[in-house]
$ cat query-v5.cif   # mmCIF, C-alpha atoms
data_structure
#
loop_
_atom_site.label_atom_id
_atom_site.label_comp_id
_atom_site.auth_asym_id
_atom_site.auth_seq_id
_atom_site.Cartn_x
_atom_site.Cartn_y
_atom_site.Cartn_z
CA MET A 1187 9.05 -5.69 16.41
CA ALA A 1188 11.10 -2.51 16.36
CA SER A 1189 13.98 -4.31 14.64
CA ALA A 1190 11.86 -5.53 11.72
CA SER A 1191 13.06 -4.20 8.39
CA VAL A 1192 10.88 -1.95 6.25
CA PRO A 1193 9.17 -4.10 3.61
CA THR A 1194 8.93 -2.96 -0.01
CA LEU A 1195 5.50 -3.18 -1.58
CA LEU A 1196 5.78 -4.66 -5.07
CA ALA A 1197 2.12 -5.00 -5.97
CA MET A 1198 -1.25 -4.28 -4.44
CA LEU A 1199 -4.45 -5.35 -6.15
CA LEU A 1200 -8.15 -5.51 -5.37
CA CYS A 1201 -10.05 -8.59 -6.50
CA ASP A 1202 -13.09 -10.72 -5.76
CA SER A 1203 -11.14 -13.52 -4.14
CA VAL A 1204 -7.72 -15.09 -3.80
CA ILE A 1205 -7.53 -18.84 -4.10
CA GLN A 1206 -4.49 -20.67 -2.76
CA ASP A 1207 -3.62 -24.09 -4.04
CA ALA A 1208 -3.14 -26.33 -1.04
CA ALA A 1209 -0.40 -28.43 -2.61
CA THR A 1210 1.78 -25.74 -4.16
CA THR A 1211 0.65 -22.64 -2.15
CA LYS A 1212 0.40 -20.79 -5.46
CA LYS A 1213 -2.23 -18.07 -5.38
CA SER A 1214 -4.76 -17.20 -8.05
CA LEU A 1215 -6.38 -13.78 -8.06
CA ILE A 1216 -9.96 -14.01 -9.27
CA GLY A 1217 -11.77 -10.98 -10.67
CA ILE A 1218 -9.25 -8.15 -10.43
CA PHE A 1219 -10.95 -4.76 -10.50
CA ALA A 1220 -10.37 -1.10 -9.83
CA GLN A 1221 -13.94 0.15 -10.12
CA ALA A 1222 -17.07 -0.73 -8.17
CA ASN A 1223 -20.42 0.03 -9.78
CA ALA A 1224 -23.49 0.41 -7.58
CA PHE A 1225 -27.15 1.25 -8.22
CA GLY A 1226 -27.24 3.39 -5.08
CA PHE A 1227 -25.15 4.75 -2.22
CA PRO A 1228 -24.29 4.06 0.52
CA THR A 1229 -23.41 0.54 -0.46
CA ALA A 1230 -21.10 -2.20 0.73
CA VAL A 1231 -18.65 -4.35 -1.16
CA ASN A 1232 -16.95 -7.65 -0.57
CA LEU A 1233 -13.39 -7.77 -1.79
CA SER A 1234 -9.93 -9.16 -1.25
CA VAL A 1235 -6.74 -7.15 -1.06
CA PHE A 1236 -3.64 -8.86 -2.37
CA ALA A 1237 -0.22 -7.39 -1.60
CA ARG A 1238 3.17 -8.78 -2.54
CA LEU A 1239 6.08 -7.61 -0.42
CA THR A 1240 9.79 -8.13 -0.28
CA ASP A 1241 12.58 -6.99 2.10
CA ALA A 1242 10.43 -8.18 5.00
CA GLU A 1243 12.21 -9.76 7.93
CA GLY A 1244 10.85 -9.79 11.44
CA LYS A 1245 7.44 -9.49 12.98
CA TYR A 1246 4.77 -7.25 11.52
CA ARG A 1247 1.29 -6.05 12.17
CA PHE A 1248 -0.32 -4.93 8.95
CA ARG A 1249 -3.34 -2.72 8.68
CA ILE A 1250 -5.40 -1.28 5.86
CA ASP A 1251 -6.80 2.24 5.99
CA VAL A 1252 -9.56 3.07 3.56
CA VAL A 1253 -9.45 6.75 2.65
CA ASN A 1254 -12.17 8.71 0.88
CA LEU A 1255 -10.13 10.80 -1.54
CA ASN A 1256 -12.97 13.26 -2.13
CA GLU A 1257 -12.55 14.45 1.45
CA ASN A 1258 -9.09 13.03 2.20
CA LYS A 1259 -10.44 11.38 5.28
CA THR A 1260 -10.03 7.85 6.59
CA ILE A 1261 -13.43 6.18 6.58
CA LEU A 1262 -12.21 2.88 7.89
CA SER A 1263 -9.15 1.49 9.56
CA LEU A 1264 -9.01 -2.27 9.67
CA PRO A 1265 -7.27 -2.90 12.97
CA PRO A 1266 -3.93 -4.68 12.92
CA THR A 1267 -4.49 -8.31 13.65
CA ASN A 1268 -2.19 -11.13 14.55
CA GLU A 1269 1.55 -10.62 14.40
CA LEU A 1270 2.92 -12.07 11.17
CA GLU A 1271 6.50 -13.18 10.81
CA ALA A 1272 8.67 -13.03 7.71
CA LYS A 1273 11.91 -14.94 7.96
CA ASP A 1274 13.85 -14.27 4.78
CA GLN A 1275 14.45 -10.71 3.62
CA LEU A 1276 15.16 -11.85 0.07
CA ALA A 1277 11.95 -13.82 -0.27
CA PHE A 1278 8.60 -12.56 -1.51
CA VAL A 1279 5.72 -12.62 0.90
CA ASP A 1280 2.08 -12.41 -0.06
CA LEU A 1281 -0.50 -10.77 2.15
CA VAL A 1282 -4.16 -11.46 1.55
CA LEU A 1283 -6.97 -9.70 3.35
CA GLN A 1284 -10.57 -10.65 2.72
CA ILE A 1285 -13.01 -7.88 3.50
CA GLN A 1286 -16.74 -8.39 3.60
CA GLY A 1287 -19.28 -5.63 3.94
CA LEU A 1288 -16.90 -2.75 3.36
CA PRO A 1289 -19.08 0.36 3.51
CA ILE A 1290 -18.80 2.77 0.58
CA PRO A 1291 -20.74 5.90 1.56
CA SER A 1292 -20.73 7.80 -1.73
CA PRO A 1293 -19.42 7.68 -5.31
CA GLY A 1294 -15.81 8.76 -5.84
CA LYS A 1295 -12.28 7.56 -5.42
CA TYR A 1296 -11.18 5.51 -2.43
CA GLU A 1297 -7.68 4.57 -1.46
CA PHE A 1298 -6.56 1.42 0.30
CA GLN A 1299 -3.37 2.26 2.19
CA LEU A 1300 -1.18 -0.56 3.47
CA TRP A 1301 0.65 0.06 6.74
CA GLY A 1302 3.14 -2.34 8.32
CA ASN A 1303 4.08 -1.66 11.94
CA ASP A 1304 2.53 1.79 11.45
CA VAL A 1305 4.81 2.56 8.49
CA TYR A 1306 3.16 3.64 5.22
CA LEU A 1307 4.07 1.06 2.58
CA GLY A 1308 1.88 1.95 -0.39
CA ARG A 1309 -1.64 2.05 -1.73
CA THR A 1310 -4.12 1.12 -4.41
CA THR A 1311 -7.32 2.89 -5.43
CA LEU A 1312 -10.94 1.99 -6.03
CA ASN A 1313 -13.31 4.11 -8.07
CA ALA A 1314 -16.92 3.87 -6.84
CA VAL A 1315 -19.43 4.76 -9.56
CA LEU A 1316 -23.18 5.24 -9.46
CA ILE A 1317 -24.87 3.47 -12.36
CA ARG A 1318 -28.45 3.85 -13.50
CA ASN A 1319 -30.84 0.97 -14.21
CA MET B 329 17.73 -32.60 -32.73
CA ALA B 330 16.06 -29.23 -32.72
CA THR B 331 13.55 -28.51 -30.02
CA ALA B 332 10.29 -26.78 -30.73
CA ALA B 333 10.37 -23.00 -30.35
CA PRO B 334 8.38 -21.72 -27.40
CA LEU B 335 4.93 -20.58 -28.40
CA ILE B 336 4.12 -17.05 -27.28
CA SER B 337 0.55 -15.95 -27.70
CA GLN B 338 -0.14 -12.37 -28.71
CA ALA B 339 -0.07 -9.88 -25.84
CA ASN B 340 -3.46 -8.44 -25.07
CA LEU B 341 -4.01 -5.11 -23.32
CA SER B 342 -7.64 -4.78 -22.34
CA PRO B 343 -9.56 -2.50 -19.98
CA GLY B 344 -9.88 -3.68 -16.36
CA GLY B 345 -13.16 -5.19 -15.21
CA ASP B 346 -15.58 -3.65 -12.72
CA LEU B 347 -17.18 -4.95 -9.56
CA ILE B 348 -20.95 -4.75 -9.20
CA ALA B 349 -21.54 -3.93 -5.54
CA PRO B 350 -23.60 -6.64 -3.84
CA PRO B 351 -26.17 -5.99 -1.10
CA ALA B 352 -24.67 -4.85 2.21
CA SER B 353 -23.46 -7.58 4.52
CA LYS B 354 -25.09 -7.56 7.93
CA LYS B 355 -21.88 -8.46 9.72
CA PRO B 356 -18.83 -6.69 8.32
CA VAL B 357 -15.92 -9.04 8.63
CA TYR B 358 -12.40 -9.35 7.40
CA SER B 359 -9.89 -12.11 7.65
CA ILE B 360 -6.16 -12.25 7.30
CA PRO B 361 -4.17 -15.39 6.63
CA GLU B 362 -0.63 -15.91 7.87
CA LEU B 363 2.12 -14.59 5.64
CA GLY B 364 2.80 -17.33 3.17
CA LEU B 365 0.42 -19.98 4.42
CA ALA B 366 -1.60 -21.68 7.10
CA ARG B 367 -3.93 -20.19 9.68
CA GLN B 368 -6.61 -17.69 8.94
CA THR B 369 -8.24 -15.42 11.46
CA ARG B 370 -11.67 -13.94 10.95
CA LEU B 371 -12.35 -10.67 12.68
CA PHE B 372 -15.43 -8.54 12.79
CA TYR B 373 -15.06 -4.83 12.44
CA ARG B 374 -17.26 -1.85 12.97
CA PRO B 375 -17.28 0.78 10.27
CA VAL B 376 -16.55 4.29 11.52
CA VAL B 377 -19.86 5.85 12.49
CA GLY B 378 -20.08 9.63 12.47
CA SER B 379 -17.39 11.91 11.12
CA PRO B 380 -14.48 10.20 9.36
CA ALA B 381 -11.00 10.61 10.81
CA ARG B 382 -8.55 13.09 9.34
CA GLN B 383 -5.35 11.77 7.84
CA PRO B 384 -2.49 11.73 10.38
CA LYS B 385 -0.21 14.78 10.76
CA HIS B 386 2.86 12.75 11.65
CA LEU B 387 3.55 9.41 10.05
CA LEU B 388 6.30 6.99 9.17
CA PHE B 389 7.07 6.53 5.51
CA GLY B 390 8.64 3.48 3.89
CA ALA B 391 7.68 3.50 0.21
CA ILE B 392 10.62 4.53 -1.96
CA SER B 393 9.65 3.48 -5.48
CA ASP B 394 13.16 3.32 -7.00
CA PRO B 395 13.85 -0.42 -7.36
CA LYS B 396 17.60 0.14 -6.85
CA LEU B 397 17.01 1.57 -3.39
CA ARG B 398 15.47 0.34 -0.20
CA VAL B 399 14.31 1.97 3.01
CA LEU B 400 16.57 1.04 5.92
CA LYS B 401 14.41 2.57 8.59
CA PRO B 402 11.07 4.39 8.53
CA ILE B 403 11.30 8.04 7.50
CA PRO B 404 9.47 10.40 9.88
CA VAL B 405 7.22 12.73 7.90
CA GLU B 406 5.10 15.68 8.90
CA MET B 407 2.01 16.36 6.80
CA SER B 408 0.52 19.80 6.28
CA GLN B 409 -1.91 21.44 3.88
CA ARG B 410 -1.37 24.54 1.81
CA LYS B 411 -3.73 25.94 -0.84
CA GLY B 412 -5.51 22.63 -1.29
CA SER B 413 -2.28 20.65 -1.65
CA TYR B 414 -0.71 18.29 0.82
CA ILE B 415 2.92 18.78 1.82
CA ALA B 416 4.96 15.85 3.17
CA ARG B 417 8.05 17.17 4.92
CA PHE B 418 11.11 15.24 6.08
CA HIS B 419 12.56 17.74 8.53
CA GLU B 420 15.92 16.11 9.14
CA ALA B 421 16.85 16.42 5.46
CA ASP B 422 14.81 19.60 4.94
CA GLU B 423 13.10 18.05 1.92
CA PHE B 424 9.44 17.89 1.01
CA GLY B 425 6.97 16.46 -1.50
CA ALA B 426 3.62 17.87 -2.59
CA GLY B 427 0.45 16.42 -4.06
CA ALA B 428 -3.34 16.56 -4.18
CA THR B 429 -3.64 13.71 -1.66
CA VAL B 430 -1.55 12.48 1.25
CA SER B 431 -0.35 9.50 -0.80
CA LEU B 432 0.62 11.64 -3.80
CA ALA B 433 2.59 13.97 -1.51
CA LEU B 434 4.34 10.97 0.05
CA GLU B 435 5.15 9.52 -3.36
CA ASP B 436 6.55 12.88 -4.46
CA LEU B 437 8.70 12.99 -1.34
CA GLY B 438 9.91 9.45 -2.01
CA LYS B 439 10.88 10.40 -5.55
CA THR B 440 12.69 13.53 -4.34
CA LEU B 441 14.62 11.61 -1.69
CA SER B 442 15.62 8.80 -4.05
CA GLU B 443 16.81 11.20 -6.77
CA LEU B 444 18.71 13.28 -4.24
CA PHE B 445 20.33 10.26 -2.63
CA THR B 446 21.35 8.83 -6.02
CA ARG B 447 22.86 12.12 -7.19
CA LEU B 448 24.70 12.77 -3.91
CA THR B 449 26.11 9.24 -3.92
CA GLU B 450 27.37 9.65 -7.49
CA GLN B 451 29.11 12.92 -6.63
CA GLN B 452 30.24 11.84 -3.18
CA GLU B 453 33.91 12.71 -3.75
CA SER B 454 33.24 16.33 -4.66
CA LEU B 455 30.59 17.23 -2.09
CA GLY B 456 30.89 20.19 0.24
CA PRO B 457 30.30 19.85 4.00
CA ASP B 458 26.55 20.66 3.83
CA MET B 459 25.87 18.16 1.06
CA LYS B 460 28.07 15.57 2.81
CA HIS B 461 25.94 16.02 5.92
CA LEU B 462 22.73 15.67 3.85
CA HIS B 463 24.09 12.51 2.24
CA ALA B 464 24.93 11.11 5.66
CA VAL B 465 21.39 11.87 6.88
CA LEU B 466 19.81 10.20 3.86
CA SER B 467 22.15 7.20 4.15
CA ARG B 468 20.72 6.43 7.57
CA PHE B 469 17.28 6.00 6.02
CA ILE B 470 17.82 4.78 2.46
CA ASN B 471 20.56 2.89 0.67
CA TYR B 472 21.27 0.83 -2.38
CA ARG B 473 19.84 -2.65 -2.52
CA ARG B 474 22.56 -5.29 -2.35
#

$ encode --input "query-v5.cif" --output "structure tokens"
Amino acid sequence: MASASVPTLLAMLLCDSVIQDAATTKKSLIGIFAQANAFGFPTAVNLSVFARLTDAEGKYRFRIDVVNLNENKTILSLPPTNELEAKDQLAFVDLVLQIQGLPIPSPGKYEFQLWGNDVYLGRTTLNAVLIRN
Amino acid sequence: MATAAPLISQANLSPGGDLIAPPASKKPVYSIPELGLARQTRLFYRPVVGSPARQPKHLLFGAISDPKLRVLKPIPVEMSQRKGSYIARFHEADEFGAGATVSLALEDLGKTLSELFTRLTEQQESLGPDMKHLHAVLSRFINYRR
């Protein structure tokens, strides 16, 4: 794992779901968003994280840290899971994580940081907003 | 015989949509498919209960945004805080980036390193010993994409 190259993050998006066509393996991102509205906090959201990487070759363990930017503290660290292998450095690889029941304790900005083999690769943000009935 | 010109519909820039937060799930779960295809693992996680964790003081950085460059090996970075700002310092090159959050400080550092590397590479022939050393240090971590 130590010899794996450092991947370059090309895109990172939050959406409702990612659908992959079985025949072509093409992915469709459904419901891309950057803001979550809630009638009250704490709340929980279901979402998918889509990341497109390149320069990846070797074995990786990816993890997502969710950081509350109001306090600059990590509220959640999704543990690295199975070891994933990328074989061609010139190819694009897509990483999809489906998260259900992600706790959002209060309104404000949250950051989803992508780490590969404990190396910071990039981030995307989510704005959590309290809305009134 | 002339072929029909490609039809390009008008570009449309519109505001992004919002998510309405659904009721809390009883069992927090996330799943991660294999890179590219195939298997999918579902894992349950426990949200952090109690005080959230501070951002790490030492981390490895690999997010140079310049598309001409790539990171050859992870850059060791030390994070510190000064007057409400975060400082990301790469000791070996004696360079730093600053920002309101850890990520902004890291992005600032990445920009500094890529600009410095590009400029030093362009002026490689006329560099003094200190700058040559700095260029050599940076070249171990970042280089041009081939």

$ resolve_selection --input "query-v5.cif" --expression "the PyMOL selection byres ((chain A and resi 1280) around 8)" --output "NGL selection string"
(:A and (1236-1239 or 1278-1279 or 1281-1282)) or (:B and (363-364))

$ atom_distance --input "query-v5.cif" --atom1 "atom CA of A:Glu1297" --atom2 "atom CA of A:Ala1220"
10.5 Å

$ interface_residues --input "query-v5.cif" --of "chain A" --to "chain B" --cutoff "8 Å" --atoms "all atoms listed in the file" --output "ChimeraX atom specification"
/A:1191-1195,1211,1217-1224,1229-1232,1255,1258-1262,1264,1267,1270-1272,1279-1289,1304-1309

$ atom_distance --input "query-v5.cif" --atom1 "atom CA of A:Leu1300" --atom2 "atom CA of A:Phe1248"
7.1 Å

$ closest_residue --input "query-v5.cif" --among "A:Ala1197, A:Lys1212, A:Pro1293, A:Thr1310" --to "A:Asp1251" --atoms "all atoms listed in the file"
A:Thr1310

$ residues_around --input "query-v5.cif" --residues "B:Glu443" --least-positions-apart "6" --cutoff "10 Å" --atoms "all atoms listed in the file" --output "ChimeraX atom specification"
/B:394,437,449

$ resolve_selection --input "query-v5.cif" --expression "the PyMOL selection byres ((chain B and resi 444) around 12)" --output "PyMOL selection string"
chain B and resi 394+397+421-424+437-443+445-452+459-460+462-467+470-471

$ resolve_selection --input "query-v5.cif" --expression "the PyMOL selection byres ((chain B and resi 409) around 10)" --output "list in words"
Lys385, Met407, Ser408, Arg410, Lys411, Gly412, Ser413, Tyr414, Ile415, Ala416, Ala426, Gly427, Ala428, Thr429 and Val430 of chain B

$ atom_distance --input "query-v5.cif" --atom1 "atom CA of A:Glu1269" --atom2 "atom CA of A:Glu1243"
12.5 Å

$ closest_residue --input "query-v5.cif" --among "A:Arg1318, A:Lys1245, A:Phe1227, A:Thr1311" --to "A:Gln1275" --atoms "only C-alpha atoms"
A:Lys1245

$ axis_aligned_box --input "query-v5.cif" --around "stretch 1269-1287 of chain A" --padding-each-side "6 Å" --output "AutoDock Vina command-line options"
--center_x -2.1 --center_y -10.3 --center_z 6.4 --size_x 46.4 --size_y 21.3 --size_z 27.9

$ residues_around --input "query-v5.cif" --residues "A:Ile1205" --least-positions-apart "5" --cutoff "9 Å" --atoms "all atoms listed in the file" --output "PyMOL selection string"
chain A and resi 1212-1216
